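Student: My structure file start35.tsv, TSV, C-alpha atoms, is below:
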chain	number	residue	atom	x	y	z
A	1	MET	CA	0.00	0.00	0.00
A	2	LYS	CA	1.29	3.48	-0.99
A	3	SER	CA	1.85	6.21	1.56
A	4	PRO	CA	-1.01	8.82	1.73
A	5	ILE	CA	1.62	11.61	1.89
A	6	LYS	CA	3.04	10.68	-1.56
A	7	LEU	CA	-0.46	10.45	-3.09
A	8	THR	CA	-1.26	13.99	-1.94
A	9	LYS	CA	2.04	15.27	-3.39
A	10	LYS	CA	1.32	13.69	-6.82
A	11	LYS	CA	-2.24	15.04	-6.84
A	12	GLY	CA	-0.93	18.51	-5.96
A	13	ARG	CA	1.51	18.41	-8.86
A	14	LEU	CA	-1.28	17.36	-11.23
A	15	ASN	CA	-3.48	20.19	-10.01
A	16	LEU	CA	-0.63	22.63	-10.59
A	17	PHE	CA	-0.18	21.26	-14.12
A	18	PHE	CA	-3.88	21.67	-14.93
A	19	MET	CA	-3.91	25.16	-13.46
A	20	GLU	CA	-0.95	26.11	-15.64
A	21	MET	CA	-2.65	24.55	-18.65
A	22	ILE	CA	-5.81	26.59	-18.05
A	23	ILE	CA	-3.82	29.83	-17.66
A	24	VAL	CA	-1.75	29.04	-20.77
A	25	LEU	CA	-4.85	28.25	-22.82
A	26	LEU	CA	-6.55	31.44	-21.65
A	27	PHE	CA	-3.56	33.60	-22.47
A	28	PHE	CA	-2.99	31.80	-25.76
A	29	SER	CA	-6.60	32.28	-26.86
A	30	ILE	CA	-6.44	36.02	-26.07
A	31	ALA	CA	-3.08	36.40	-27.85
A	32	SER	CA	-4.32	34.40	-30.87
A	33	ALA	CA	-7.42	36.57	-31.14
A	34	VAL	CA	-5.26	39.72	-31.26
A	35	ILE	CA	-2.80	38.15	-33.73
A	36	LEU	CA	-5.63	36.88	-35.96
A	37	CYS	CA	-7.10	40.40	-36.01
A	38	SER	CA	-3.71	41.71	-37.12
A	39	PHE	CA	-3.49	39.06	-39.88
A	40	ALA	CA	-7.00	39.92	-41.05
A	41	GLY	CA	-6.05	43.62	-41.14
A	42	SER	CA	-2.92	42.86	-43.18
A	43	ASP	CA	-4.99	40.77	-45.59
A	44	LYS	CA	-7.50	43.61	-46.08
A	45	LEU	CA	-4.67	46.12	-46.60
A	46	ALA	CA	-3.01	43.85	-49.17
A	47	LYS	CA	-6.31	43.35	-51.03
A	48	ASP	CA	-6.97	47.11	-51.03
A	49	SER	CA	-3.49	47.89	-52.34
A	50	ARG	CA	-3.81	45.24	-55.09
A	51	LEU	CA	-7.13	46.81	-56.13
A	52	LEU	CA	-5.62	50.32	-56.09
A	53	GLU	CA	-2.58	49.17	-58.08
A	54	SER	CA	-4.80	47.55	-60.69
A	55	ALA	CA	-6.95	50.71	-60.88
A	56	VAL	CA	-3.90	52.99	-61.29
A	57	PHE	CA	-2.46	50.73	-64.00
A	58	ARG	CA	-5.75	50.67	-65.92
A	59	ALA	CA	-6.22	54.43	-65.51
A	60	GLN	CA	-2.74	55.06	-66.93
A	61	SER	CA	-3.42	52.75	-69.87
A	62	ALA	CA	-6.75	54.50	-70.52
A	63	ALA	CA	-5.06	57.91	-70.33
A	64	GLU	CA	-2.35	56.86	-72.80
A	65	ILE	CA	-4.90	55.53	-75.30
A	66	TYR	CA	-7.28	58.46	-74.87
A	67	SER	CA	-4.58	61.09	-75.33
A	68	GLN	CA	-3.79	59.51	-78.70
A	69	ASN	CA	-7.29	59.07	-80.14
A	70	GLY	CA	-9.55	61.34	-78.05
A	71	SER	CA	-12.43	58.88	-78.33
A	72	LEU	CA	-14.15	57.31	-75.34
A	73	SER	CA	-15.58	54.28	-77.16
A	74	LYS	CA	-12.25	53.54	-78.90
A	75	THR	CA	-10.46	53.77	-75.54
A	76	ALA	CA	-12.93	51.38	-73.92
A	77	GLY	CA	-12.69	49.03	-76.93
A	78	MET	CA	-8.88	48.92	-76.75
A	79	LEU	CA	-8.79	48.53	-72.98
A	80	PHE	CA	-11.45	45.83	-72.83
A	81	PRO	CA	-11.50	43.68	-75.99
A	82	SER	CA	-14.80	42.13	-74.86
A	83	TYR	CA	-16.44	45.57	-74.76
A	84	THR	CA	-18.85	46.14	-77.63
A	85	ALA	CA	-19.24	49.78	-78.52
A	86	ALA	CA	-22.76	51.14	-78.80
A	87	ASP	CA	-23.83	53.05	-81.92
A	88	GLY	CA	-22.49	56.59	-81.95
A	89	GLU	CA	-20.31	58.34	-79.43
A	90	LEU	CA	-21.20	57.94	-75.79
A	91	SER	CA	-20.28	60.45	-73.12
A	92	ARG	CA	-20.24	57.93	-70.24
A	93	ILE	CA	-19.28	54.28	-70.04
A	94	THR	CA	-19.28	51.90	-67.06
A	95	VAL	CA	-17.28	48.69	-67.41
A	96	PRO	CA	-16.87	45.97	-64.74
A	97	VAL	CA	-13.22	45.16	-63.97
A	98	ASP	CA	-12.33	41.62	-62.81
A	99	GLY	CA	-15.65	41.38	-60.94
A	100	LYS	CA	-14.11	43.43	-58.11
A	101	MET	CA	-14.75	47.00	-59.21
A	102	TYR	CA	-16.29	49.22	-61.88
A	103	MET	CA	-14.49	51.64	-64.17
A	104	ILE	CA	-16.61	54.69	-64.93
A	105	MET	CA	-15.37	56.90	-67.77
A	106	SER	CA	-17.09	60.15	-68.68
A	107	GLU	CA	-16.08	62.63	-71.35
A	108	THR	CA	-16.46	66.40	-71.67
A	109	SER	CA	-15.44	68.67	-74.54
A	110	GLU	CA	-14.34	72.27	-74.70
A	111	GLU	CA	-14.09	74.40	-77.87
A	112	CYS	CA	-10.74	76.19	-78.04
A	113	GLY	CA	-10.76	78.14	-81.31
A	114	GLY	CA	-8.26	75.95	-83.15
A	115	GLY	CA	-9.65	72.61	-82.03
A	116	ILE	CA	-11.36	70.74	-79.21
A	117	LEU	CA	-9.85	70.02	-75.79
A	118	LYS	CA	-11.45	66.80	-74.55
A	119	LYS	CA	-11.32	65.64	-70.96
A	120	LEU	CA	-11.88	62.12	-69.71
A	121	SER	CA	-12.76	61.55	-66.08
A	122	ILE	CA	-11.88	58.05	-64.86
A	123	ILE	CA	-13.36	56.75	-61.61
A	124	PHE	CA	-12.95	53.29	-60.12
A	125	ARG	CA	-15.53	52.14	-57.59
A	126	ASN	CA	-15.51	48.86	-55.72
A	127	ASN	CA	-18.59	46.65	-55.39
A	128	ASP	CA	-19.64	48.53	-52.22
A	129	GLY	CA	-19.69	51.80	-54.16
A	130	GLU	CA	-16.57	53.26	-52.51
A	131	THR	CA	-14.21	55.20	-54.75
A	132	VAL	CA	-10.92	53.29	-55.15
A	133	TYR	CA	-9.17	55.76	-57.47
A	134	GLU	CA	-10.07	58.70	-59.65
A	135	THR	CA	-8.18	60.77	-62.14
A	136	GLU	CA	-8.62	62.94	-65.19
A	137	THR	CA	-6.87	62.95	-68.53
A	138	GLY	CA	-7.15	65.01	-71.68
A	139	ALA	CA	-6.70	65.02	-75.44
A	140	TYR	CA	-6.38	67.95	-77.78
A	141	ILE	CA	-7.89	67.41	-81.21
A	142	SER	CA	-6.69	70.10	-83.58
A	143	GLU	CA	-8.40	71.11	-86.81
A	144	ARG	CA	-4.97	71.38	-88.42
A	145	ALA	CA	-2.71	68.73	-89.83
A	146	VAL	CA	-0.71	67.35	-86.92
A	147	THR	CA	2.48	65.33	-86.99
A	148	GLU	CA	3.55	63.69	-83.73
A	149	PHE	CA	7.29	63.66	-83.07
A	150	GLU	CA	9.32	64.08	-86.22
B	1	MET	CA	20.39	1.74	-3.81
B	2	ASN	CA	17.99	3.22	-6.33
B	3	ASN	CA	14.68	1.34	-6.16
B	4	GLY	CA	12.85	3.62	-8.62
B	5	GLU	CA	10.81	5.62	-6.11
B	6	ASN	CA	13.14	8.66	-6.23
B	7	ARG	CA	12.95	9.06	-10.02
B	8	ARG	CA	11.18	12.12	-11.47
B	9	PRO	CA	7.68	11.35	-12.83
B	10	ALA	CA	7.35	10.87	-16.60
B	11	GLY	CA	5.38	13.45	-18.69
B	12	ILE	CA	5.43	17.23	-19.03
B	13	GLY	CA	6.59	19.04	-15.94
B	14	THR	CA	5.31	22.34	-14.62
B	15	GLY	CA	6.61	25.35	-16.63
B	16	TYR	CA	7.17	23.62	-19.99
B	17	LEU	CA	3.75	24.66	-21.26
B	18	SER	CA	4.38	28.30	-20.32
B	19	ILE	CA	7.73	28.33	-22.12
B	20	MET	CA	6.25	26.71	-25.24
B	21	MET	CA	3.32	29.12	-25.23
B	22	ILE	CA	5.60	32.15	-24.89
B	23	PHE	CA	7.72	30.91	-27.80
B	24	VAL	CA	4.69	30.26	-30.05
B	25	VAL	CA	3.05	33.59	-29.19
B	26	LEU	CA	6.33	35.44	-29.84
B	27	CYS	CA	6.69	33.73	-33.23
B	28	LEU	CA	3.10	34.51	-34.21
B	29	THR	CA	3.44	38.13	-33.06
B	30	MET	CA	6.59	38.57	-35.12
B	31	LEU	CA	4.92	37.08	-38.22
B	32	ALA	CA	1.85	39.28	-37.73
B	33	ALA	CA	3.99	42.41	-37.32
B	34	LEU	CA	6.03	41.57	-40.42
B	35	SER	CA	2.97	40.89	-42.57
B	36	TYR	CA	1.28	44.08	-41.35
B	37	SER	CA	4.32	46.27	-42.03
B	38	SER	CA	4.77	44.70	-45.46
B	39	ALA	CA	1.09	45.28	-46.33
B	40	THR	CA	1.30	48.89	-45.10
B	41	ALA	CA	4.42	49.55	-47.19
B	42	GLU	CA	2.71	48.05	-50.25
B	43	LYS	CA	-0.38	50.22	-49.71
B	44	LYS	CA	1.77	53.37	-49.32
B	45	TYR	CA	3.62	52.52	-52.53
B	46	SER	CA	0.34	52.06	-54.44
B	47	GLU	CA	-0.98	55.35	-53.07
B	48	LYS	CA	2.20	57.19	-54.08
B	49	SER	CA	2.02	55.65	-57.53
B	50	GLY	CA	-1.61	56.80	-57.83
B	51	GLU	CA	-0.73	60.30	-56.63
B	52	TYR	CA	2.09	60.58	-59.14
B	53	ALA	CA	-0.18	59.41	-61.98
B	54	ASN	CA	-2.70	62.07	-60.91
B	55	GLU	CA	-0.04	64.79	-60.82
B	56	TYR	CA	1.34	63.77	-64.21
B	57	LEU	CA	-2.07	63.66	-65.87
B	58	ALA	CA	-3.04	67.05	-64.39
B	59	ALA	CA	0.20	68.55	-65.75
B	60	ASP	CA	-0.44	66.86	-69.11
B	61	ILE	CA	-3.88	68.51	-69.34
B	62	SER	CA	-2.34	71.90	-68.45
B	63	ALA	CA	0.29	71.44	-71.17
B	64	LYS	CA	-2.43	70.52	-73.66
B	65	ARG	CA	-4.39	73.61	-72.63
B	66	VAL	CA	-1.35	75.76	-73.53
B	67	LEU	CA	-1.16	73.93	-76.87
B	68	ALA	CA	-4.86	74.65	-77.43
B	69	GLU	CA	-4.23	78.33	-76.66
B	70	ILE	CA	-1.33	78.45	-79.14
B	71	ASP	CA	-3.38	76.62	-81.75
B	72	ALA	CA	-6.28	79.05	-81.31
B	73	ILE	CA	-3.89	81.93	-82.14
B	74	ALA	CA	-2.43	79.98	-85.08
B	75	ALA	CA	-5.93	79.35	-86.46
B	76	GLU	CA	-6.14	83.04	-87.39
B	77	TYR	CA	-2.95	82.98	-89.48
B	78	ASP	CA	-1.85	81.23	-92.65
B	79	ASP	CA	1.69	82.54	-92.65
B	80	PHE	CA	3.57	81.35	-89.58
B	81	THR	CA	6.48	83.76	-90.18
B	82	ASP	CA	4.12	86.73	-89.71
B	83	PHE	CA	5.53	89.03	-87.00
B	84	MET	CA	1.98	89.67	-85.69
B	85	PHE	CA	1.60	85.92	-85.11
B	86	ILE	CA	4.96	85.78	-83.30
B	87	GLY	CA	4.01	88.83	-81.22
B	88	GLU	CA	0.74	87.18	-80.13
B	89	LEU	CA	2.55	83.93	-79.29
B	90	GLU	CA	4.99	85.77	-77.03
B	91	GLU	CA	2.03	86.96	-74.96
B	92	VAL	CA	1.08	83.38	-74.05
B	93	GLU	CA	2.32	82.89	-70.48
B	94	GLY	CA	5.33	80.63	-69.97
B	95	THR	CA	6.18	80.10	-73.62
B	96	ALA	CA	9.44	80.71	-75.47
B	97	VAL	CA	9.20	81.45	-79.19
B	98	ARG	CA	12.00	80.72	-81.65
B	99	GLN	CA	11.81	81.89	-85.24
B	100	LEU	CA	12.78	79.40	-87.94
B	101	PRO	CA	13.31	79.98	-91.67
B	102	ASP	CA	10.07	78.14	-92.51
B	103	GLY	CA	7.98	78.86	-89.43
B	104	VAL	CA	8.20	79.10	-85.69
B	105	GLU	CA	8.94	76.81	-82.73
B	106	ILE	CA	7.18	77.36	-79.42
B	107	SER	CA	8.34	75.65	-76.25
B	108	TRP	CA	6.95	75.67	-72.73
B	109	THR	CA	7.31	73.81	-69.46
B	110	THR	CA	4.52	72.59	-67.18
B	111	PRO	CA	5.42	71.56	-63.62
B	112	ILE	CA	4.29	68.09	-62.48
B	113	ASN	CA	5.55	68.46	-58.90
B	114	ASP	CA	8.55	70.13	-57.23
B	115	ARG	CA	10.96	67.67	-58.86
B	116	GLN	CA	9.67	67.09	-62.37
B	117	SER	CA	7.99	68.91	-65.23
B	118	ILE	CA	6.74	68.27	-68.75
B	119	SER	CA	8.85	69.95	-71.38
B	120	SER	CA	6.88	70.52	-74.61
B	121	ALA	CA	7.66	72.07	-77.97
B	122	VAL	CA	5.69	72.43	-81.19
B	123	LYS	CA	6.83	73.61	-84.59
B	124	TYR	CA	4.42	75.48	-86.83
B	125	SER	CA	5.32	75.31	-90.51
B	126	GLY	CA	3.50	74.55	-93.74
B	127	GLY	CA	-0.19	74.00	-93.07
B	128	GLY	CA	0.03	72.53	-89.58
B	129	TYR	CA	2.18	71.80	-86.59
B	130	THR	CA	4.52	69.09	-85.40
B	131	VAL	CA	4.97	68.11	-81.77
B	132	THR	CA	8.77	68.09	-81.53
B	133	ARG	CA	9.04	67.46	-77.79
B	134	TRP	CA	6.71	66.16	-75.10
B	135	LYS	CA	8.74	64.62	-72.33
B	136	THR	CA	9.18	64.50	-68.58
B	137	VAL	CA	12.31	66.23	-67.33
B	138	SER	CA	13.81	66.64	-63.91
B	139	VAL	CA	13.64	70.22	-62.58
B	140	SER	CA	17.31	70.22	-61.58
B	141	GLU	CA	18.34	68.61	-64.85
B	142	SER	CA	19.57	71.03	-67.47
B	143	GLU	CA	18.70	69.78	-70.93
B	144	SER	CA	21.78	71.35	-72.51
B	145	LYS	CA	24.24	70.09	-69.87
B	146	PRO	CA	25.49	66.57	-70.69
B	147	LEU	CA	26.01	63.92	-68.03
B	148	ASN	CA	29.49	63.88	-66.51
B	149	VAL	CA	30.55	60.45	-67.84
B	150	TRP	CA	33.90	59.21	-69.12
B	151	SER	CA	34.14	59.80	-72.87
B	152	GLY	CA	36.77	57.11	-73.40
B	153	GLU	CA	39.76	59.42	-73.83
Could you express the structure from this file as structure tokens?
Tutor:
Amino acid sequence: MKSPIKLTKKKGRLNLFFMEMIIVLLFFSIASAVILCSFAGSDKLAKDSRLLESAVFRAQSAAEIYSQNGSLSKTAGMLFPSYTAADGELSRITVPVDGKMYMIMSETSEECGGGILKKLSIIFRNNDGETVYETETGAYISERAVTEFE
Amino acid sequence: MNNGENRRPAGIGTGYLSIMMIFVVLCLTMLAALSYSSATAEKKYSEKSGEYANEYLAADISAKRVLAEIDAIAAEYDDFTDFMFIGELEEVEGTAVRQLPDGVEISWTTPINDRQSISSAVKYSGGGYTVTRWKTVSVSESESKPLNVWSGE
């Protein structure tokens, strides 16, 4: 038969172990919750920056194309090969981009004596309707014969 | 004599769990901090890139507006060597006019930000104009001053 003193000592050690385990689990769960929040925040930031980068890249491409041809439907057609231009010139076009956001392009014109100064406003909105990026570009269409870079 | 009763009990002792937990939490915290700082840096870079694109496009529109102003003056003339035409061009703010045997060259600079600007030039001759320069230059950079590189001599 084992001594009752030794049994009490073993039981006490086990209790201490379980107490430590409970404290560790409690602390670990709190720490993991904070760390998981931080990971989720990083993920959201990374997604936002990817969306912004894509919007900036597309806006720059649109600006390059538009400054050459000064036509909204041609710009949309070259940017999005699947886009089918409607009859005639439109002043506003909305195109979905990768299912994550919408590209809204609207055009205004200004008579300048020797030609027309056209402006294209480009706005990217995400699916929640928040503006991701917006910019404006322009094209000058002269009535004269123009040669670009000799 | 060792009869086995004095040996330490098998299994995890008190304190091991705490040490392991501290190690795991430290590792996770470090990873979380690294991923957050990397994501923040990426976001800042994208925002700067977007801001620069905005600044450039705004300067580009301003430069095109100057071109439109010049072209509106040119629309009233057929002869681009006419001194009246040159006189009117010199009144356009920020432009430099250079007379050529067959026409005139107008150049102007539009600031993008405090470091860069768009340098533009158009040449009016014959029945129309030619864009001879439309490029981004550094403000400190002198276009006439060559880079100080070894010429091979």
Student: Counting all atoms listed in the file, which of B:Val92, B:Ile112, B:Ala121, B:Ala74 gets nearest to Gly114 of chain A?
Tutor: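 Of the candidates, the smallest distance to Gly114 of chain A is held by B:Ala74.
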Student: Could you make a table, as a tab-separated table, of the residues of chain A that have an atom within 9 Å of an atom of chain B, each with its nearest atom pair and distance in Å to one decimal, counting only C-alpha atoms, in chain and number order?
Tutor:
residue	atom	partner	partner_atom	distance
A:Arg13	CA	B:Thr14	CA	7.9
A:Leu14	CA	B:Thr14	CA	8.9
A:Leu16	CA	B:Thr14	CA	7.2
A:Phe17	CA	B:Thr14	CA	5.6
A:Glu20	CA	B:Thr14	CA	7.4
A:Met21	CA	B:Leu17	CA	6.9
A:Ile23	CA	B:Ser18	CA	8.8
A:Val24	CA	B:Ser18	CA	6.2
A:Leu25	CA	B:Met21	CA	8.6
A:Phe27	CA	B:Met21	CA	8.7
A:Phe28	CA	B:Met21	CA	6.9
A:Ala31	CA	B:Val25	CA	6.9
A:Ser32	CA	B:Val25	CA	7.6
A:Ile35	CA	B:Ala32	CA	6.2
A:Leu36	CA	B:Ala32	CA	8.1
A:Ser38	CA	B:Ala32	CA	6.1
A:Phe39	CA	B:Ala32	CA	5.8
A:Gly41	CA	B:Tyr36	CA	7.3
A:Ser42	CA	B:Tyr36	CA	4.7
A:Asp43	CA	B:Ala39	CA	7.6
A:Lys44	CA	B:Ala39	CA	8.8
A:Leu45	CA	B:Ala39	CA	5.8
A:Ala46	CA	B:Ala39	CA	5.2
A:Lys47	CA	B:Ala39	CA	9.0
A:Asp48	CA	B:Lys43	CA	7.4
A:Ser49	CA	B:Lys43	CA	4.7
A:Arg50	CA	B:Ser46	CA	8.0
A:Leu52	CA	B:Ser46	CA	6.4
A:Glu53	CA	B:Ser46	CA	5.5
A:Ala55	CA	B:Gly50	CA	8.7
A:Val56	CA	B:Gly50	CA	5.6
A:Phe57	CA	B:Gly50	CA	8.7
A:Ala59	CA	B:Ala53	CA	8.6
A:Gln60	CA	B:Ala53	CA	7.1
A:Ala63	CA	B:Leu57	CA	7.9
A:Cys112	CA	B:Ala68	CA	6.1
A:Gly113	CA	B:Ala72	CA	4.6
A:Gly114	CA	B:Ala72	CA	4.1
A:Gly115	CA	B:Ala68	CA	6.9
A:Ile116	CA	B:Ala68	CA	7.8
A:Leu117	CA	B:Ala68	CA	7.0
A:Lys119	CA	B:Ile61	CA	8.1
A:Tyr133	CA	B:Gly50	CA	7.6
A:Glu134	CA	B:Asn54	CA	8.2
A:Thr135	CA	B:Asn54	CA	5.8
A:Glu136	CA	B:Leu57	CA	6.6
A:Thr137	CA	B:Leu57	CA	5.5
A:Gly138	CA	B:Ile61	CA	5.3
A:Ala139	CA	B:Lys64	CA	7.2
A:Tyr140	CA	B:Lys64	CA	6.3
A:Ile141	CA	B:Ala68	CA	8.7
A:Ser142	CA	B:Asp71	CA	7.5
A:Glu143	CA	B:Ala75	CA	8.6
A:Arg144	CA	B:Gly128	CA	5.3
A:Ala145	CA	B:Gly128	CA	4.7
A:Val146	CA	B:Tyr129	CA	5.3
A:Thr147	CA	B:Thr130	CA	4.6
A:Glu148	CA	B:Val131	CA	5.0
A:Phe149	CA	B:Thr132	CA	4.9
A:Glu150	CA	B:Thr132	CA	6.2
Student: If you keep C-alpha atoms, can you produce a file of those selected residues as a PDB file, in the frame of the given file?
Tutor:
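As a result, out.pdb now contains:
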ATOM      1  CA  ARG A  13       1.510  18.410  -8.860  1.00  0.00           C
ATOM      2  CA  LEU A  14      -1.280  17.360 -11.230  1.00  0.00           C
ATOM      3  CA  LEU A  16      -0.630  22.630 -10.590  1.00  0.00           C
ATOM      4  CA  PHE A  17      -0.180  21.260 -14.120  1.00  0.00           C
ATOM      5  CA  GLU A  20      -0.950  26.110 -15.640  1.00  0.00           C
ATOM      6  CA  MET A  21      -2.650  24.550 -18.650  1.00  0.00           C
ATOM      7  CA  ILE A  23      -3.820  29.830 -17.660  1.00  0.00           C
ATOM      8  CA  VAL A  24      -1.750  29.040 -20.770  1.00  0.00           C
ATOM      9  CA  LEU A  25      -4.850  28.250 -22.820  1.00  0.00           C
ATOM     10  CA  PHE A  27      -3.560  33.600 -22.470  1.00  0.00           C
ATOM     11  CA  PHE A  28      -2.990  31.800 -25.760  1.00  0.00           C
ATOM     12  CA  ALA A  31      -3.080  36.400 -27.850  1.00  0.00           C
ATOM     13  CA  SER A  32      -4.320  34.400 -30.870  1.00  0.00           C
ATOM     14  CA  ILE A  35      -2.800  38.150 -33.730  1.00  0.00           C
ATOM     15  CA  LEU A  36      -5.630  36.880 -35.960  1.00  0.00           C
ATOM     16  CA  SER A  38      -3.710  41.710 -37.120  1.00  0.00           C
ATOM     17  CA  PHE A  39      -3.490  39.060 -39.880  1.00  0.00           C
ATOM     18  CA  GLY A  41      -6.050  43.620 -41.140  1.00  0.00           C
ATOM     19  CA  SER A  42      -2.920  42.860 -43.180  1.00  0.00           C
ATOM     20  CA  ASP A  43      -4.990  40.770 -45.590  1.00  0.00           C
ATOM     21  CA  LYS A  44      -7.500  43.610 -46.080  1.00  0.00           C
ATOM     22  CA  LEU A  45      -4.670  46.120 -46.600  1.00  0.00           C
ATOM     23  CA  ALA A  46      -3.010  43.850 -49.170  1.00  0.00           C
ATOM     24  CA  LYS A  47      -6.310  43.350 -51.030  1.00  0.00           C
ATOM     25  CA  ASP A  48      -6.970  47.110 -51.030  1.00  0.00           C
ATOM     26  CA  SER A  49      -3.490  47.890 -52.340  1.00  0.00           C
ATOM     27  CA  ARG A  50      -3.810  45.240 -55.090  1.00  0.00           C
ATOM     28  CA  LEU A  52      -5.620  50.320 -56.090  1.00  0.00           C
ATOM     29  CA  GLU A  53      -2.580  49.170 -58.080  1.00  0.00           C
ATOM     30  CA  ALA A  55      -6.950  50.710 -60.880  1.00  0.00           C
ATOM     31  CA  VAL A  56      -3.900  52.990 -61.290  1.00  0.00           C
ATOM     32  CA  PHE A  57      -2.460  50.730 -64.000  1.00  0.00           C
ATOM     33  CA  ALA A  59      -6.220  54.430 -65.510  1.00  0.00           C
ATOM     34  CA  GLN A  60      -2.740  55.060 -66.930  1.00  0.00           C
ATOM     35  CA  ALA A  63      -5.060  57.910 -70.330  1.00  0.00           C
ATOM     36  CA  CYS A 112     -10.740  76.190 -78.040  1.00  0.00           C
ATOM     37  CA  GLY A 113     -10.760  78.140 -81.310  1.00  0.00           C
ATOM     38  CA  GLY A 114      -8.260  75.950 -83.150  1.00  0.00           C
ATOM     39  CA  GLY A 115      -9.650  72.610 -82.030  1.00  0.00           C
ATOM     40  CA  ILE A 116     -11.360  70.740 -79.210  1.00  0.00           C
ATOM     41  CA  LEU A 117      -9.850  70.020 -75.790  1.00  0.00           C
ATOM     42  CA  LYS A 119     -11.320  65.640 -70.960  1.00  0.00           C
ATOM     43  CA  TYR A 133      -9.170  55.760 -57.470  1.00  0.00           C
ATOM     44  CA  GLU A 134     -10.070  58.700 -59.650  1.00  0.00           C
ATOM     45  CA  THR A 135      -8.180  60.770 -62.140  1.00  0.00           C
ATOM     46  CA  GLU A 136      -8.620  62.940 -65.190  1.00  0.00           C
ATOM     47  CA  THR A 137      -6.870  62.950 -68.530  1.00  0.00           C
ATOM     48  CA  GLY A 138      -7.150  65.010 -71.680  1.00  0.00           C
ATOM     49  CA  ALA A 139      -6.700  65.020 -75.440  1.00  0.00           C
ATOM     50  CA  TYR A 140      -6.380  67.950 -77.780  1.00  0.00           C
ATOM     51  CA  ILE A 141      -7.890  67.410 -81.210  1.00  0.00           C
ATOM     52  CA  SER A 142      -6.690  70.100 -83.580  1.00  0.00           C
ATOM     53  CA  GLU A 143      -8.400  71.110 -86.810  1.00  0.00           C
ATOM     54  CA  ARG A 144      -4.970  71.380 -88.420  1.00  0.00           C
ATOM     55  CA  ALA A 145      -2.710  68.730 -89.830  1.00  0.00           C
ATOM     56  CA  VAL A 146      -0.710  67.350 -86.920  1.00  0.00           C
ATOM     57  CA  THR A 147       2.480  65.330 -86.990  1.00  0.00           C
ATOM     58  CA  GLU A 148       3.550  63.690 -83.730  1.00  0.00           C
ATOM     59  CA  PHE A 149       7.290  63.660 -83.070  1.00  0.00           C
ATOM     60  CA  GLU A 150       9.320  64.080 -86.220  1.00  0.00           C
TER      61      GLU A 150
END
Student: Between atom CA of Ser73 of chain A and atom CA of Val95 of chain A, what distance in Å does the model show, to one decimal?
Tutor: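 Atom CA of Ser73 of chain A sits 11.4 Å away from atom CA of Val95 of chain A.
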Student: Please provide the set of residues having any atom within 9 Å of Asn127 of chain A, restricted to only C-alpha atoms, with same-chain residues fewer than 3 positions apart removed, written as a PyMOL selection string.
Tutor: chain A and resi 99-102+130
Student: Would you put the residues from that selection into a file with C-alpha atoms, as a PDB file, in the coordinates of the input?
Tutor:
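selection.pdb was written with the following content:
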ATOM      1  CA  GLY A  99     -15.650  41.380 -60.940  1.00  0.00           C
ATOM      2  CA  LYS A 100     -14.110  43.430 -58.110  1.00  0.00           C
ATOM      3  CA  MET A 101     -14.750  47.000 -59.210  1.00  0.00           C
ATOM      4  CA  TYR A 102     -16.290  49.220 -61.880  1.00  0.00           C
ATOM      5  CA  GLU A 130     -16.570  53.260 -52.510  1.00  0.00           C
TER       6      GLU A 130
END
Student: Could you give me, as a short mmCIF file (atom, residue, chain, number, x, y, z; two decimals) with C-alpha atoms, in the frame of the given file, the residues within 12 Å of Ile86 of chain B, counting all atoms listed in the file and dropping anything in the same chain fewer than 5 positions from it?
Tutor:
data_model
loop_
_atom_site.label_atom_id
_atom_site.label_comp_id
_atom_site.auth_asym_id
_atom_site.auth_seq_id
_atom_site.Cartn_x
_atom_site.Cartn_y
_atom_site.Cartn_z
CA ILE B 70 -1.33 78.45 -79.14
CA ILE B 73 -3.89 81.93 -82.14
CA ALA B 74 -2.43 79.98 -85.08
CA TYR B 77 -2.95 82.98 -89.48
CA ASP B 79 1.69 82.54 -92.65
CA PHE B 80 3.57 81.35 -89.58
CA THR B 81 6.48 83.76 -90.18
CA GLU B 91 2.03 86.96 -74.96
CA VAL B 92 1.08 83.38 -74.05
CA THR B 95 6.18 80.10 -73.62
CA ALA B 96 9.44 80.71 -75.47
CA VAL B 97 9.20 81.45 -79.19
CA ARG B 98 12.00 80.72 -81.65
CA GLN B 99 11.81 81.89 -85.24
CA LEU B 100 12.78 79.40 -87.94
CA GLY B 103 7.98 78.86 -89.43
CA VAL B 104 8.20 79.10 -85.69
CA GLU B 105 8.94 76.81 -82.73
CA ILE B 106 7.18 77.36 -79.42
CA TYR B 124 4.42 75.48 -86.83
#
Student: What is the atom CA of Ser29 of chain A to atom CA of Lys11 of chain A distance in Å?
Tutor: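 Going from atom CA of Ser29 of chain A over to atom CA of Lys11 of chain A covers 26.8 Å.
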Student: Quick one: pull the distance between atom CA of Arg115 of chain B and atom CA of Val137 of chain B, Å, one decimal.
Tutor: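 The value is 8.7 Å.
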Student: How big is the axis-aligned box around all listed atoms of segment 134-145 of chain A once 3 Å goes on each side, and where's its centre, in Å to one decimal, as lines of an AutoDock Vina configuration file?
Tutor:
center_x = -6.4
center_y = 65.0
center_z = -74.7
size_x = 13.4
size_y = 18.7
size_z = 36.2
Student: Which neighbours of Pro96 of chain A fall inside 12 Å, counting all atoms listed in the file, when residues of the same chain fewer than 6 positions from it are skipped, and could you give them as a ChimeraX atom specification?
Tutor: /A:55,76,79-80,82-83,102-105,123-127
Student: From (-12.5, 60.1, -71.8), in the file's coordinates, out to 6 Å: which residues are reached, counting only C-alpha atoms? Answer as a list in words.
Tutor: Leu72, Met105, Ser106, Glu107, Lys119, Leu120 and Ser121 of chain A
